[in-house]
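Listing of final16.txt, compact mmCIF, C-alpha atoms
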# COMPACT_ATOMS: atom_id res chain seq x y z
CA MET A 27 60.12 157.91 97.64
CA ARG A 28 62.18 159.59 100.30
CA SER A 29 60.18 158.10 103.18
CA ARG A 30 60.44 154.67 101.56
CA GLY A 31 64.23 155.04 101.29
CA LEU A 32 64.48 156.04 104.93
CA SER A 33 62.40 153.06 105.92
CA TRP A 34 64.78 150.74 104.06
CA VAL A 35 67.83 152.34 105.69
CA SER A 36 66.32 152.00 109.15
CA LYS A 37 65.56 148.32 108.56
CA THR A 38 69.12 147.72 107.43
CA LEU A 39 70.51 149.46 110.51
CA LEU A 40 68.27 147.38 112.73
CA GLY A 41 69.62 144.22 111.09
CA VAL A 42 73.22 145.30 111.63
CA VAL A 43 72.47 146.14 115.26
CA ALA A 44 70.91 142.69 115.68
CA ILE A 45 73.96 140.88 114.32
CA VAL A 46 76.42 142.97 116.34
CA GLY A 47 74.39 142.36 119.48
CA LEU A 48 74.37 138.62 118.86
CA LEU A 49 78.16 138.47 118.35
CA ALA A 50 78.74 140.55 121.46
CA GLY A 51 76.52 138.25 123.51
CA SER A 52 74.49 141.21 124.76
CA GLY A 53 71.10 139.87 123.77
CA PRO A 54 68.65 138.39 126.22
CA ALA A 55 68.44 134.61 126.54
CA ASP A 56 65.39 134.30 124.30
CA GLY A 57 67.21 135.83 121.30
CA GLN A 58 65.35 139.20 121.36
CA LEU A 59 67.84 142.07 120.91
CA VAL A 60 67.30 145.29 122.87
CA GLY A 61 66.02 147.98 120.56
CA ALA A 62 65.93 145.62 117.57
CA GLY A 63 62.20 145.19 117.47
CA PRO A 64 60.23 142.03 116.78
CA ARG A 65 61.34 141.83 113.10
CA ALA A 66 64.96 140.92 114.14
CA ARG A 67 63.94 137.81 116.08
CA PRO A 68 63.69 135.39 113.06
CA LEU A 69 67.15 136.44 111.82
CA VAL A 70 68.71 135.87 115.23
CA ASN A 71 67.08 132.47 115.56
CA ARG A 72 68.24 131.39 112.12
CA ILE A 73 71.85 132.40 112.89
CA ARG A 74 71.74 130.54 116.19
CA GLU A 75 70.25 127.42 114.59
CA ARG A 76 72.94 127.32 111.90
CA ARG A 77 75.66 127.74 114.48
CA LEU A 78 74.27 124.87 116.58
CA GLU A 79 73.95 122.72 113.48
CA ARG A 80 77.63 123.27 112.64
CA ILE A 81 78.63 122.31 116.19
CA ARG A 82 76.51 119.15 116.02
CA LEU A 83 78.06 118.11 112.70
CA ARG A 84 81.58 118.62 114.05
CA GLN A 85 80.75 116.45 117.07
CA GLU A 86 79.35 113.68 114.85
CA ARG A 87 82.45 113.71 112.65
CA PHE A 88 84.72 113.52 115.69
CA ALA A 89 82.72 110.62 117.14
CA ALA A 90 82.89 108.72 113.85
CA THR A 91 86.66 109.22 113.60
CA THR A 92 87.19 107.99 117.17
CA THR A 93 85.13 104.87 116.55
CA THR A 94 87.06 104.03 113.40
CA THR A 95 90.51 104.38 114.92
CA THR A 96 90.00 102.78 118.31
CA THR A 97 87.21 100.22 118.35
CA GLN A 98 87.37 98.68 114.91
CA GLU A 99 90.59 96.75 115.52
CA TYR A 100 89.10 95.23 118.68
CA ALA A 101 85.75 94.35 117.23
CA PHE A 102 86.41 90.60 117.32
CA ASP A 103 87.64 90.05 120.88
CA ASP A 104 85.07 87.35 121.60
CA TYR A 105 85.24 85.81 118.16
CA GLY A 106 85.34 82.08 117.69
CA PRO A 107 83.13 79.44 119.33
CA GLY A 108 85.94 76.91 119.85
CA PRO A 109 86.97 75.81 123.34
CA ARG A 110 89.77 77.78 124.94
CA THR A 111 91.82 74.60 125.39
CA ASP A 112 92.11 73.97 121.65
CA ASP A 113 95.62 75.34 121.16
CA TYR A 114 95.85 74.77 117.43
CA GLY A 115 92.20 75.04 116.41
CA MET A 116 90.36 77.84 114.70
CA ASP A 117 86.92 78.08 113.17
CA VAL A 118 87.14 78.17 109.39
CA GLU A 119 84.07 80.40 109.38
CA ASP A 120 86.30 83.13 110.78
CA GLU A 121 87.63 83.66 107.28
CA VAL A 122 84.32 85.11 106.09
CA ILE A 123 84.27 87.85 108.70
CA VAL A 124 87.81 88.67 109.70
CA GLU A 125 90.36 90.28 107.41
CA ARG A 126 93.73 91.67 108.38
CA GLY A 127 94.47 95.25 107.53
CA PRO A 128 96.54 96.43 104.58
CA THR A 129 100.26 95.79 104.68
CA SER A 130 101.43 98.68 102.57
CA GLU A 131 102.95 100.78 105.38
CA PRO A 132 106.54 101.92 104.85
CA LEU A 133 109.24 99.89 106.57
CA LEU A 134 110.35 102.65 108.91
CA ILE A 135 106.92 103.11 110.46
CA ALA A 136 107.80 100.44 113.02
CA THR A 137 110.54 102.68 114.39
CA LYS A 138 108.40 105.77 114.92
CA PRO A 139 107.21 106.57 118.48
CA ASN A 140 103.65 105.42 118.93
CA ARG A 141 101.62 105.24 122.14
CA ARG A 142 99.54 102.33 120.88
CA ARG A 143 102.65 100.38 119.89
CA SER A 144 104.24 100.99 123.27
CA GLN A 145 101.39 99.02 124.86
CA PHE A 146 102.29 96.02 122.72
CA GLU A 147 105.98 96.49 123.47
CA GLU A 148 105.22 96.17 127.18
CA ARG A 149 103.15 92.97 126.87
CA ILE A 150 105.02 90.98 124.20
CA LEU A 151 107.92 89.09 125.76
CA LEU A 152 111.22 88.08 124.22
CA ARG A 153 112.75 84.99 125.79
CA PHE A 154 116.43 84.32 125.05
CA TYR A 155 118.09 80.90 125.33
CA HIS A 156 121.77 80.02 125.13
CA GLY A 157 123.39 76.67 125.74
CA GLY A 158 119.96 75.17 126.38
CA ASN A 159 119.18 77.56 129.23
CA LEU A 160 116.83 80.51 129.52
CA THR A 161 119.16 83.47 130.04
CA LYS A 162 116.88 86.50 129.76
CA THR A 163 113.25 87.57 129.46
CA THR A 164 112.72 91.12 128.27
CA THR A 165 110.58 93.43 126.15
CA LEU A 166 111.31 96.13 123.60
CA ASN A 167 110.08 98.61 126.17
CA ASP A 168 113.07 97.93 128.43
CA ASP A 169 115.71 100.59 128.04
CA GLU A 170 118.66 98.38 127.24
CA ARG A 171 120.17 96.31 124.42
CA LEU A 172 118.42 93.03 123.71
CA LEU A 173 121.63 90.97 123.81
CA ASN A 174 122.76 92.32 127.17
CA ASP A 175 122.97 89.56 129.81
CA THR A 176 121.87 86.85 127.37
CA ASN A 177 125.28 85.14 126.98
CA CYS A 178 124.72 85.62 123.24
CA THR A 179 127.19 87.45 121.04
CA ALA A 180 126.51 89.31 117.82
CA ASP A 181 128.75 87.04 115.74
CA GLU A 182 126.80 83.86 116.62
CA ARG A 183 124.08 82.26 114.54
CA PHE A 184 120.66 83.45 115.63
CA ALA A 185 117.25 81.72 115.51
CA LEU A 186 113.89 83.32 116.31
CA VAL A 187 110.76 81.19 116.92
CA VAL A 188 107.19 82.56 116.74
CA HIS A 189 104.31 80.45 118.04
CA GLY A 190 100.66 80.34 116.94
CA TRP A 191 97.22 81.12 118.31
CA ARG A 192 96.54 80.09 121.95
CA GLU A 193 100.17 79.14 122.43
CA ASN A 194 103.19 80.52 124.27
CA CYS A 195 106.95 80.06 124.44
CA TYR A 196 107.24 78.05 127.66
CA GLU A 197 104.47 75.40 127.80
CA VAL A 198 103.79 74.24 124.22
CA PRO A 199 105.57 70.91 123.53
CA TRP A 200 106.61 71.62 119.94
CA VAL A 201 108.23 74.94 120.96
CA LYS A 202 110.34 73.20 123.61
CA GLU A 203 111.29 70.44 121.19
CA LEU A 204 112.26 72.93 118.48
CA ARG A 205 114.48 74.86 120.89
CA ASN A 206 116.27 71.63 121.75
CA ASN A 207 116.70 70.68 118.09
CA LEU A 208 118.00 74.10 117.12
CA GLN A 209 120.42 74.04 120.03
CA LYS A 210 121.67 70.59 119.03
CA PHE A 211 121.89 70.98 115.25
CA ARG A 212 122.37 74.74 114.77
CA GLY A 213 123.80 76.17 117.98
CA GLY A 214 124.17 79.86 118.69
CA CYS A 215 121.48 82.02 120.23
CA ILE A 216 117.76 81.17 120.22
CA ALA A 217 114.91 83.52 121.02
CA CYS A 218 111.15 83.09 121.15
CA MET A 219 108.64 85.92 120.79
CA ASP A 220 105.82 85.31 123.27
CA TYR A 221 102.67 87.24 122.38
CA SER A 222 100.36 85.03 124.47
CA ALA A 223 98.94 88.18 126.11
CA TYR A 224 97.04 88.58 122.82
CA SER A 225 96.96 85.04 121.39
CA SER A 226 95.08 83.55 124.35
CA GLY A 227 91.80 85.22 123.34
CA GLY A 228 89.55 84.95 120.31
CA TYR A 229 91.11 84.36 116.92
CA GLY A 230 89.35 87.32 115.29
CA GLY A 231 90.78 89.68 117.90
CA LEU A 232 94.25 88.30 117.20
CA VAL A 233 93.89 88.85 113.45
CA ALA A 234 92.75 92.42 114.11
CA ARG A 235 96.04 93.00 115.97
CA PHE A 236 98.20 91.44 113.24
CA ARG A 237 99.94 94.68 112.25
CA ASP A 238 100.70 95.64 115.86
CA ILE A 239 102.29 92.27 116.66
CA ARG A 240 104.07 92.23 113.30
CA ASP A 241 105.61 95.63 114.06
CA ILE A 242 107.02 94.31 117.35
CA LEU A 243 108.63 91.38 115.54
CA LEU A 244 109.99 93.70 112.86
CA ARG A 245 111.46 96.04 115.46
CA THR A 246 113.02 93.06 117.25
CA VAL A 247 114.78 91.91 114.08
CA GLN A 248 115.89 95.46 113.27
CA GLN A 249 117.19 95.98 116.82
CA LEU A 250 119.21 92.76 116.65
CA ARG A 251 120.70 93.95 113.38
CA TYR A 252 121.53 97.30 115.03
CA GLU A 253 123.31 95.38 117.80
CA GLY A 254 125.48 93.60 115.26
CA VAL A 255 123.63 90.39 114.33
CA GLU A 256 123.88 90.07 110.55
CA TYR A 257 120.66 89.34 108.66
CA GLY A 258 122.59 86.59 106.89
CA ARG A 259 122.89 84.71 110.22
CA MET A 260 119.22 85.04 111.21
CA PHE A 261 116.85 82.07 110.90
CA LEU A 262 113.11 82.56 111.55
CA PHE A 263 110.50 79.89 112.18
CA GLY A 264 106.77 80.40 112.58
CA PHE A 265 103.72 78.17 112.94
CA SER A 266 100.17 79.08 111.83
CA PHE A 267 99.56 82.74 112.77
CA GLY A 268 103.25 82.96 113.65
CA ALA A 269 104.11 81.83 110.13
CA GLN A 270 102.19 84.79 108.71
CA LEU A 271 104.11 87.09 111.06
CA VAL A 272 107.61 85.90 110.13
CA LEU A 273 106.85 85.86 106.39
CA ASP A 274 105.45 89.40 106.45
CA VAL A 275 108.48 90.63 108.41
CA GLY A 276 110.80 88.89 105.95
CA ASN A 277 109.04 90.58 103.04
CA ARG A 278 109.38 93.98 104.72
CA ILE A 279 113.11 93.51 105.15
CA GLY A 280 113.15 92.11 101.61
CA SER A 281 115.98 91.62 99.14
CA ASN A 282 116.59 88.05 100.38
CA GLU A 283 118.54 89.50 103.31
CA LEU A 284 117.63 86.95 106.00
CA GLU A 285 119.44 83.61 106.07
CA ALA A 286 116.29 81.46 105.93
CA ILE A 287 112.64 81.24 106.97
CA ASP A 288 110.83 77.96 107.62
CA THR A 289 107.10 77.92 108.30
CA CYS A 290 104.54 75.32 109.30
CA ASP A 291 100.99 75.46 107.92
CA MET A 292 100.61 79.23 107.68
CA ALA A 293 97.15 80.33 108.86
CA GLY A 294 94.46 80.70 106.22
CA PRO A 295 91.40 82.13 108.05
CA GLY A 296 91.63 85.89 108.15
CA PHE A 297 94.33 85.95 105.45
CA ASP A 298 93.10 83.98 102.43
CA SER A 299 90.27 86.44 101.87
CA ASP A 300 92.65 89.42 101.97
CA ARG A 301 93.35 90.83 98.51
CA MET A 302 96.93 91.84 99.37
CA PHE A 303 97.73 88.34 100.66
CA LYS A 304 96.39 86.71 97.50
CA GLN A 305 98.73 88.83 95.39
CA THR A 306 101.80 88.39 97.61
CA ASP A 307 104.48 85.74 97.57
CA PHE A 308 107.37 85.33 99.99
CA ARG A 309 110.30 84.42 97.76
CA ALA A 310 112.10 87.66 98.64
CA ALA A 311 111.56 87.26 102.40
CA ALA A 312 114.85 85.35 102.86
CA LYS A 313 117.58 83.64 100.89
CA ASN A 314 115.49 80.50 101.23
CA VAL A 315 111.86 80.23 102.28
CA GLN A 316 110.49 76.74 103.00
CA CYS A 317 106.76 76.45 103.66
CA ILE A 318 105.17 73.21 104.87
CA HIS A 319 101.43 72.61 104.48
CA THR A 320 99.37 69.98 106.28
CA SER A 321 95.73 71.17 106.41
CA ILE A 322 93.10 72.88 104.31
CA ASP A 323 90.73 74.01 107.06
CA LYS A 324 93.19 75.87 109.29
CA GLY A 325 96.03 76.35 106.82
CA THR A 326 96.07 78.56 103.74
CA LYS A 327 94.40 77.63 100.47
CA PHE A 328 97.35 79.22 98.61
CA PRO A 329 100.26 76.81 99.24
CA ASN A 330 102.47 78.08 96.43
CA LYS A 331 104.13 81.25 97.73
CA CYS A 332 107.59 80.05 98.83
CA HIS A 333 110.78 78.58 97.33
CA GLN A 334 109.84 75.08 98.52
CA ASN A 335 106.14 74.41 99.04
CA TRP A 336 105.80 71.08 100.82
CA ARG A 337 102.40 69.41 100.65
CA MET A 338 102.41 66.68 103.24
CA GLY A 339 100.20 63.61 103.51
CA GLN A 340 97.07 63.73 101.42
CA CYS A 341 98.06 66.52 99.02
CA GLY A 342 98.76 68.86 101.93
CA LEU A 343 95.05 68.90 102.78
CA ARG A 344 94.88 66.42 105.66
CA GLN A 345 96.97 63.84 107.52
CA ALA A 346 96.28 60.17 108.18
CA ALA A 347 97.54 60.57 111.76
CA ALA A 348 95.18 63.47 112.54
CA GLY A 349 93.35 63.19 115.84
CA PRO A 350 91.54 65.58 118.14
CA PRO A 351 93.14 69.01 118.73
CA PRO A 352 95.80 70.02 119.32
CA LEU A 353 97.12 67.22 117.09
CA GLY A 354 94.81 67.52 114.13
CA SER A 355 96.14 67.94 110.61
CA HIS A 356 97.06 71.55 111.43
CA GLY A 357 98.76 70.86 114.75
CA LEU A 358 100.77 67.94 113.38
CA CYS A 359 102.83 70.24 111.15
CA PRO A 360 105.36 71.38 113.81
CA VAL A 361 105.47 67.79 115.08
CA PHE A 362 106.55 66.61 111.60
CA TYR A 363 109.06 69.46 111.39
CA ASN A 364 110.70 68.49 114.69
CA LEU A 365 110.78 64.81 113.75
CA ALA A 366 112.46 65.75 110.44
CA PHE A 367 115.65 66.70 112.29
CA GLU A 368 116.31 62.95 112.60
CA GLN A 369 113.61 61.24 110.49
CA GLN A 370 113.41 61.57 106.71
CA PHE A 371 110.21 62.82 105.09
CA LEU A 372 111.33 62.23 101.50
CA ALA A 373 110.06 64.01 98.42
CA GLN A 374 107.95 61.82 96.13
CA PRO A 375 106.24 62.27 92.77
CA LYS A 376 102.90 64.02 92.84
CA ALA A 377 100.06 61.58 93.42
CA PRO A 378 97.49 61.47 90.59
CA GLU A 379 94.73 62.67 92.92
CA CYS A 380 96.65 65.81 93.89
CA LEU A 381 96.08 69.01 91.95
CA ALA A 382 99.23 71.03 91.33
CA LEU A 383 98.75 74.70 92.27
CA GLY A 384 102.12 75.84 90.96
CA GLU A 385 105.24 74.50 89.29
CA VAL A 386 106.08 71.01 90.52
CA ALA A 387 109.69 70.91 91.71
CA THR A 388 112.46 68.81 90.26
CA TYR A 389 114.53 67.44 93.13
CA PRO A 390 117.65 65.32 93.70
CA ARG A 391 117.59 61.83 95.14
CA ASN A 392 116.62 61.48 98.80
CA TYR A 393 115.60 65.13 99.04
CA ARG A 394 113.96 65.66 102.43
CA MET A 395 111.63 68.09 104.14
CA GLY A 396 112.89 70.22 107.02
CA TYR A 397 115.80 72.14 108.43
CA MET A 398 118.43 69.46 107.82
CA GLU A 399 118.24 69.43 104.01
CA ASN A 400 121.28 71.32 102.64
CA ARG A 401 120.37 71.34 98.93
CA LYS A 402 117.49 73.78 99.11
CA SER A 403 119.06 76.27 96.71
CA GLU A 404 118.73 73.68 93.92
CA VAL A 405 114.99 73.10 94.36
CA ARG A 406 112.08 75.40 93.60
CA GLY A 407 108.36 74.64 93.44
CA GLU A 408 105.82 72.22 94.90
CA LEU A 409 106.99 69.09 96.70
CA PHE A 410 104.98 66.13 97.96
CA ALA A 411 105.78 63.80 100.87
CA ALA A 412 103.70 60.93 102.18
CA THR A 413 102.97 60.57 105.89
CA SER A 414 101.63 57.60 107.83
CA ASP A 415 99.24 57.26 110.73
CA VAL A 416 101.90 55.65 112.92
CA TYR A 417 104.64 57.49 114.84
CA PRO A 418 107.15 58.77 113.64
CA TYR A 419 104.82 59.32 110.63
CA ALA A 420 107.56 59.20 107.96
CA VAL A 421 107.18 56.98 104.89
CA TYR A 422 110.56 55.78 103.65
CA THR A 423 109.52 54.03 100.43
CA ASN A 424 108.12 55.64 97.32
CA PRO A 425 104.89 53.88 96.31
CA TYR A 426 105.28 55.15 92.73
CA ASN A 427 108.92 54.10 92.24
CA PHE A 428 109.89 51.58 94.87
CA PHE A 429 113.51 51.14 93.69
CA GLU A 430 114.38 54.86 93.77
CA TYR A 431 115.76 54.71 97.33
CA PHE A 432 117.85 51.54 97.03

Output the structure of this file as structure tokens.
Amino acid sequence: MRSRGLSWVSKTLLGVVAIVGLLAGSGPADGQLVGAGPRARPLVNRIRERRLERIRLRQERFAATTTTTTTQEYAFDDYGPGPRTDDYGMDVEDEVIVERGPTSEPLLIATKPNRRRSQFEERILLRFYHGGNLTKTTTLNDDERLLNDTNCTADERFALVVHGWRENCYEVPWVKELRNNLQKFRGGCIACMDYSAYSSGGYGGLVARFRDIRDILLRTVQQLRYEGVEYGRMFLFGFSFGAQLVLDVGNRIGSNELEAIDTCDMAGPGFDSDRMFKQTDFRAAAKNVQCIHTSIDKGTKFPNKCHQNWRMGQCGLRQAAAGPPPLGSHGLCPVFYNLAFEQQFLAQPKAPECLALGEVATYPRNYRMGYMENRKSEVRGELFAATSDVYPYAVYTNPYNFFEYF
């Protein structure tokens, strides 16, 4: 019994010596401890194997985290088979694959320092116009006030235009025409957010960057407010992808603070399949939100989210004047909007072939689509306006009640 007890004690001591030697790094390279005997070798090897396994698992977890946070948002850079010259086109198949990220971040996140966001601040341009002239081009990354050297003052009316995919602020015809119309009929200061550094590539890559670009627009609006421009004097306009941007920013400001938001054919691919978008409406984005719909393939399939939901032409699904891009049913929307400053696209009763997707609006006589209508606060719901295939595309008579306009 005594010899057996001593044998057990000696084995225990050898094990302790083996572990201490391993921790001290004094063992030979093959794992054999000096004086430990051959019985200690399996224990040493098992400890070493477990330690290596833990290291390997930590490395795999780190690699997975890095992949999720850096490459996922850029996974669609080459998305979309359409030609690069199709300014207003997008493949409807994109909707199946691409979804924008959740939009449940707190409002103040856009003001927090962020290295990733600073890259977007450097590449997204803000172009200011006053009196019909370009007065300043800047970015949020510049260390100065936005209104400095713009000839704009904080007590003027302010308009902000946001273009769509494969567009910019200085070459696209409808953007130039809208600047001229706003200068003529609204006055004040006009700015355009140019994110063509990102919108010139594939559509899927642009959708993946939605939150980053949205944060720049949100910070721009917040900075203007900080510099004294009242929300109640801010008008925002967006087309296609730009429409989604201005509406999301308006919702984040909320409480009907902004003066007004008008949008043309908000993009559907990449948004319609998003659960948050399906459940969201934009009636709190501004005091009045007017959304104009002209296509079903590039525009949203949910045209009932705003105060006035205009469905142009053939039930808002397609236009008789549609031609090859960029002036298909989708691209005609900002053309109609610009023409509506002087032409009248009048509200008409819903055609029998059109399916109402929300409450059909009751409207006063000669109620018109566009910026110039001043009775918007009286009208809520879906509105229908016919369009023709001949410039300037407006239809002045009501085919269902010819004598209404005489």

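Atom CA of Leu284 of chain A to atom CA of Arg240 of chain A spans 16.3 Å [interatomic distance, one decimal].
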
What separation in Å, quoted to one decimal, exists between atom CA of Leu353 of chain A and atom CA of Ser226 of chain A? 18.0 Å

Pick the closest to Ser414 of chain A from A:Gly280, A:Gly339, A:Pro350, A:Gly157: which is it, counting all atoms listed in the file? A:Gly339

Neighbouring residues of Trp336 of chain A were defined as those with any atom within 9 Å, considering only C-alpha atoms; residues of the same chain fewer than 3 positions away were excluded. Please report them as a list in words.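 Close residues of Trp336 of chain A: Gln316, Cys317, Ile318, His319, Thr320, Pro329, Asn330, Gly342, Ala373, Met395, Gly407, Glu408, Leu409, Phe410 and Ala411 of chain A.
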
Tyr224 of chain A: which residues within 10 Å, counting all atoms listed in the file, same-chain residues fewer than 4 positions away excluded, as a count of residues only? 15

I'd like to know which of A:Gly268, A:Gly254, A:Gly227, A:Pro360 is closest to Leu186 of chain A, using only C-alpha atoms.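 The shortest atom-to-atom distance to Leu186 of chain A comes from A:Gly268.
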
Atom CA of Ala217 of chain A to atom CA of Arg153 of chain A, distance in Å rounded to a single decimal: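 So the answer is 5.4 Å.
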
Please provide as a list in words all residues within 10 Å of Asn392 of chain A, with the sequence filter that same-chain residues fewer than 2 positions apart are discarded (counting only C-alpha atoms). Gln370, Phe371, Leu372, Ala373, Gln374, Tyr389, Pro390, Arg394, Met395, Glu399, Tyr422, Glu430 and Tyr431 of chain A

Counting only C-alpha atoms, which of A:Val405, A:Leu250, A:Ala310, A:Val361 gets nearest to Phe184 of chain A?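 Among the listed residues, the smallest separation from Phe184 of chain A belongs to A:Leu250.
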
Could you add N, CA and C atoms to segment 315-327 of chain A and give me the result as a compact mmCIF listing (two decimals), in the frame of the given file?
# COMPACT_ATOMS: atom_id res chain seq x y z
N VAL A 315 113.12 80.26 101.54
CA VAL A 315 111.86 80.23 102.28
C VAL A 315 111.20 78.88 102.02
N GLN A 316 111.08 78.09 103.08
CA GLN A 316 110.49 76.74 103.00
C GLN A 316 109.17 76.74 103.76
N CYS A 317 108.09 76.43 103.05
CA CYS A 317 106.76 76.45 103.66
C CYS A 317 106.16 75.04 103.60
N ILE A 318 105.70 74.57 104.74
CA ILE A 318 105.17 73.21 104.87
C ILE A 318 103.68 73.31 105.13
N HIS A 319 102.89 72.53 104.40
CA HIS A 319 101.43 72.61 104.48
C HIS A 319 100.85 71.25 104.84
N THR A 320 99.94 71.26 105.81
CA THR A 320 99.37 69.98 106.28
C THR A 320 97.85 69.99 106.39
N SER A 321 97.20 71.15 106.25
CA SER A 321 95.73 71.17 106.41
C SER A 321 95.11 72.19 105.47
N ILE A 322 93.83 71.96 105.17
CA ILE A 322 93.10 72.88 104.31
C ILE A 322 92.11 73.72 105.10
N ASP A 323 91.73 73.26 106.29
CA ASP A 323 90.73 74.01 107.06
C ASP A 323 91.36 75.12 107.89
N LYS A 324 92.51 74.86 108.49
CA LYS A 324 93.19 75.87 109.29
C LYS A 324 94.35 76.54 108.54
N GLY A 325 94.93 75.81 107.62
CA GLY A 325 96.03 76.35 106.82
C GLY A 325 95.52 77.11 105.61
N THR A 326 96.45 77.75 104.90
CA THR A 326 96.07 78.56 103.74
C THR A 326 95.64 77.70 102.57
N LYS A 327 94.81 78.27 101.73
CA LYS A 327 94.40 77.63 100.47
C LYS A 327 95.31 78.04 99.31
